[in-house]
Amino acid sequence: MIEEGMATEEEMWNTEQSDITDIKSEARLRLIFDTNVRQAYGYGKWKQGQSPEVKAAYPAARLIRERGVSKPRPRHQANLGEIRHKDDPWWAQEMNDPKIGGFAVPWGPYGFNSGVDQEDVTLEEWEKMLAKQSTPPPPESPQPEPGLNEGLSASTSKMDPEIKRRLLAELRATGEERARVIEDNDRFYLQTRRDGR
């Protein structure tokens, strides 16, 4: 961080390393790294599950507790075991709702340190469940497929103005062919280019 100009040596020494609210702390950097790795893995797993062959055999998924966490989200706890079609917007809108710390995408992780994930449900189990319950059927048409970094944003409200200027310049210089950088008050957004423009 010192080499990148994000902090001085003195600031690094005066950092409480277990404070995740301090961008210089080891705990925050580990959380960000862990979440990024889980996001990439979750996206790959979700994308693979969207293939027609896999979806024909496993059209739905069950919300499961993948690993224990110190503070489970009540909404996740209440829905453990819930089975929904893979194209159901419920995954992104309810289980990955930004209001509970989620990322508004249909794949895990379902928020920082959520500990929940999806487990494939076979066509046979899905059809039996639909016959017994009033589980909502799959949407008429699948939702548009989001990209891994679609909707990505970062707050810059507490960032030094010079570092903010350099960051924006760097983002624009390296990513404009793939994503447009939008500056909105104290946030940056990356808008993925899908049309080649």
# chains A, B, ... in the order shown; residues from 1 in each chain; ligands from 1
>>> residues_around(residues="range 116-118 of chain A", least_positions_apart="6", cutoff="6 Å", atoms="only C-alpha atoms", output="list in words")
Ala61, Arg62, Leu63, Ile64, Arg65, Glu66 and Gly108 of chain A
>>> write_last_selection(atoms="all heavy atoms", output="PDB file, in the first residue's frame")
ATOM      1  N   ALA A  61     -31.873 -25.425  -7.235  1.00  0.00           N
ATOM      2  CA  ALA A  61     -30.810 -25.453  -6.226  1.00  0.00           C
ATOM      3  C   ALA A  61     -31.420 -25.270  -4.844  1.00  0.00           C
ATOM      4  O   ALA A  61     -32.501 -24.699  -4.688  1.00  0.00           O
ATOM      5  CB  ALA A  61     -29.784 -24.359  -6.509  1.00  0.00           C
ATOM      6  N   ARG A  62     -30.718 -25.772  -3.857  1.00  0.00           N
ATOM      7  CA  ARG A  62     -31.128 -25.686  -2.451  1.00  0.00           C
ATOM      8  C   ARG A  62     -30.149 -24.758  -1.728  1.00  0.00           C
ATOM      9  O   ARG A  62     -28.946 -24.840  -1.934  1.00  0.00           O
ATOM     10  CB  ARG A  62     -31.075 -27.078  -1.832  1.00  0.00           C
ATOM     11  CG  ARG A  62     -31.367 -27.151  -0.343  1.00  0.00           C
ATOM     12  CD  ARG A  62     -31.218 -28.575   0.188  1.00  0.00           C
ATOM     13  NE  ARG A  62     -32.224 -29.470  -0.366  1.00  0.00           N
ATOM     14  CZ  ARG A  62     -32.003 -30.434  -1.256  1.00  0.00           C
ATOM     15  NH1 ARG A  62     -30.787 -30.669  -1.699  1.00  0.00           N
ATOM     16  NH2 ARG A  62     -32.975 -31.200  -1.692  1.00  0.00           N
ATOM     17  N   LEU A  63     -30.662 -23.883  -0.866  1.00  0.00           N
ATOM     18  CA  LEU A  63     -29.800 -23.025  -0.051  1.00  0.00           C
ATOM     19  C   LEU A  63     -29.267 -23.867   1.110  1.00  0.00           C
ATOM     20  O   LEU A  63     -30.042 -24.471   1.857  1.00  0.00           O
ATOM     21  CB  LEU A  63     -30.574 -21.818   0.487  1.00  0.00           C
ATOM     22  CG  LEU A  63     -29.733 -20.814   1.271  1.00  0.00           C
ATOM     23  CD1 LEU A  63     -28.787 -20.057   0.336  1.00  0.00           C
ATOM     24  CD2 LEU A  63     -30.626 -19.827   2.020  1.00  0.00           C
ATOM     25  N   ILE A  64     -27.938 -23.909   1.221  1.00  0.00           N
ATOM     26  CA  ILE A  64     -27.303 -24.715   2.273  1.00  0.00           C
ATOM     27  C   ILE A  64     -26.312 -23.861   3.063  1.00  0.00           C
ATOM     28  O   ILE A  64     -25.825 -22.850   2.583  1.00  0.00           O
ATOM     29  CB  ILE A  64     -26.561 -25.946   1.688  1.00  0.00           C
ATOM     30  CG1 ILE A  64     -25.443 -25.496   0.715  1.00  0.00           C
ATOM     31  CG2 ILE A  64     -27.527 -26.910   1.040  1.00  0.00           C
ATOM     32  CD1 ILE A  64     -24.434 -26.565   0.375  1.00  0.00           C
ATOM     33  N   ARG A  65     -26.021 -24.317   4.265  1.00  0.00           N
ATOM     34  CA  ARG A  65     -24.946 -23.716   5.065  1.00  0.00           C
ATOM     35  C   ARG A  65     -23.677 -24.446   4.678  1.00  0.00           C
ATOM     36  O   ARG A  65     -23.516 -25.633   4.945  1.00  0.00           O
ATOM     37  CB  ARG A  65     -25.249 -23.858   6.554  1.00  0.00           C
ATOM     38  CG  ARG A  65     -24.099 -23.525   7.435  1.00  0.00           C
ATOM     39  CD  ARG A  65     -23.995 -22.178   8.075  1.00  0.00           C
ATOM     40  NE  ARG A  65     -25.117 -21.320   8.194  1.00  0.00           N
ATOM     41  CZ  ARG A  65     -25.074 -20.033   7.823  1.00  0.00           C
ATOM     42  NH1 ARG A  65     -23.981 -19.518   7.315  1.00  0.00           N
ATOM     43  NH2 ARG A  65     -26.116 -19.265   7.977  1.00  0.00           N
ATOM     44  N   GLU A  66     -22.787 -23.743   4.000  1.00  0.00           N
ATOM     45  CA  GLU A  66     -21.539 -24.329   3.510  1.00  0.00           C
ATOM     46  C   GLU A  66     -20.475 -24.371   4.602  1.00  0.00           C
ATOM     47  O   GLU A  66     -19.682 -25.289   4.688  1.00  0.00           O
ATOM     48  CB  GLU A  66     -21.048 -23.502   2.318  1.00  0.00           C
ATOM     49  CG  GLU A  66     -19.746 -23.943   1.742  1.00  0.00           C
ATOM     50  CD  GLU A  66     -19.252 -22.984   0.670  1.00  0.00           C
ATOM     51  OE1 GLU A  66     -19.234 -21.767   0.896  1.00  0.00           O
ATOM     52  OE2 GLU A  66     -18.866 -23.495  -0.383  1.00  0.00           O
ATOM     53  N   GLY A 108     -23.006 -17.304  -5.137  1.00  0.00           N
ATOM     54  CA  GLY A 108     -22.356 -16.981  -3.883  1.00  0.00           C
ATOM     55  C   GLY A 108     -21.009 -16.325  -4.103  1.00  0.00           C
ATOM     56  O   GLY A 108     -20.500 -16.335  -5.214  1.00  0.00           O
TER      57      GLY A 108
END
>>> residues_around(residues="range 110-113 of chain A", least_positions_apart="5", cutoff="9 Å", atoms="only C-alpha atoms", output="number ranges by chain")
A: 31-32, 34-35, 69-72, 76, 91-92, 95-98, 100-105
>>> select_by_dssp(residues="range 31-154 of chain A", states="alpha helix (DSSP H)", output="PyMOL selection string")
chain A and resi 31-49+52-57+74-79+90+123-132
>>> write_last_selection(atoms="C-alpha atoms", output="JSON list (two decimals), in the first residue's frame")
[["chain", "number", "residue", "atom", "x", "y", "z"],
["A", 31, "LEU", "CA", -11.70, -10.27, 3.96],
["A", 32, "ILE", "CA", -11.51, -8.57, 0.55],
["A", 33, "PHE", "CA", -9.19, -11.26, -0.83],
["A", 34, "ASP", "CA", -11.35, -14.08, 0.56],
["A", 35, "THR", "CA", -14.52, -12.52, -0.86],
["A", 36, "ASN", "CA", -12.94, -11.95, -4.28],
["A", 37, "VAL", "CA", -11.79, -15.57, -4.46],
["A", 38, "ARG", "CA", -15.23, -16.80, -3.36],
["A", 39, "GLN", "CA", -16.93, -14.49, -5.90],
["A", 40, "ALA", "CA", -14.79, -15.83, -8.75],
["A", 41, "TYR", "CA", -15.39, -19.44, -7.67],
["A", 42, "GLY", "CA", -19.12, -18.81, -7.15],
["A", 43, "TYR", "CA", -19.46, -17.19, -10.57],
["A", 44, "GLY", "CA", -17.66, -20.07, -12.27],
["A", 45, "LYS", "CA", -19.83, -22.63, -10.49],
["A", 46, "TRP", "CA", -23.01, -20.68, -11.33],
["A", 47, "LYS", "CA", -21.98, -20.20, -14.98],
["A", 48, "GLN", "CA", -21.30, -23.93, -15.32],
["A", 49, "GLY", "CA", -24.71, -24.67, -13.79],
["A", 52, "PRO", "CA", -28.37, -26.34, -20.95],
["A", 53, "GLU", "CA", -27.08, -29.87, -20.22],
["A", 54, "VAL", "CA", -26.50, -29.23, -16.52],
["A", 55, "LYS", "CA", -29.73, -27.27, -16.10],
["A", 56, "ALA", "CA", -31.72, -30.10, -17.75],
["A", 57, "ALA", "CA", -30.41, -32.57, -15.15],
["A", 74, "PRO", "CA", -31.48, -14.25, 9.94],
["A", 75, "ARG", "CA", -32.83, -14.27, 6.38],
["A", 76, "HIS", "CA", -30.37, -17.00, 5.40],
["A", 77, "GLN", "CA", -31.12, -19.04, 8.53],
["A", 78, "ALA", "CA", -34.86, -18.83, 7.87],
["A", 79, "ASN", "CA", -34.41, -20.09, 4.30],
["A", 90, "TRP", "CA", -35.00, -14.87, -5.53],
["A", 123, "LEU", "CA", -34.84, -32.87, -12.01],
["A", 124, "GLU", "CA", -36.56, -35.80, -10.27],
["A", 125, "GLU", "CA", -36.49, -34.13, -6.84],
["A", 126, "TRP", "CA", -37.59, -30.80, -8.35],
["A", 127, "GLU", "CA", -40.58, -32.36, -10.14],
["A", 128, "LYS", "CA", -41.65, -34.27, -7.00],
["A", 129, "MET", "CA", -41.47, -31.07, -4.98],
["A", 130, "LEU", "CA", -43.48, -29.09, -7.55],
["A", 131, "ALA", "CA", -46.17, -31.78, -7.51],
["A", 132, "LYS", "CA", -46.46, -31.62, -3.70]]
>>> residues_around(residues="Ala60 in chain A", least_positions_apart="2", cutoff="7 Å", atoms="only C-alpha atoms", output="VMD selection string")
chain A and resid 58 83 to 86 120 to 121 126
>>> atom_distance(atom1="CA of Pro89 in chain A", atom2="CA of Trp107 in chain A")
11.0 Å
>>> atom_distance(atom1="CA of Arg73 in chain A", atom2="CA of Glu94 in chain A")
11.9 Å
>>> closest_residue(among="A:Ser51, A:Gln133, A:Glu119, A:Glu170", to="Gly81 in chain A", atoms="only C-alpha atoms")
A:Glu119
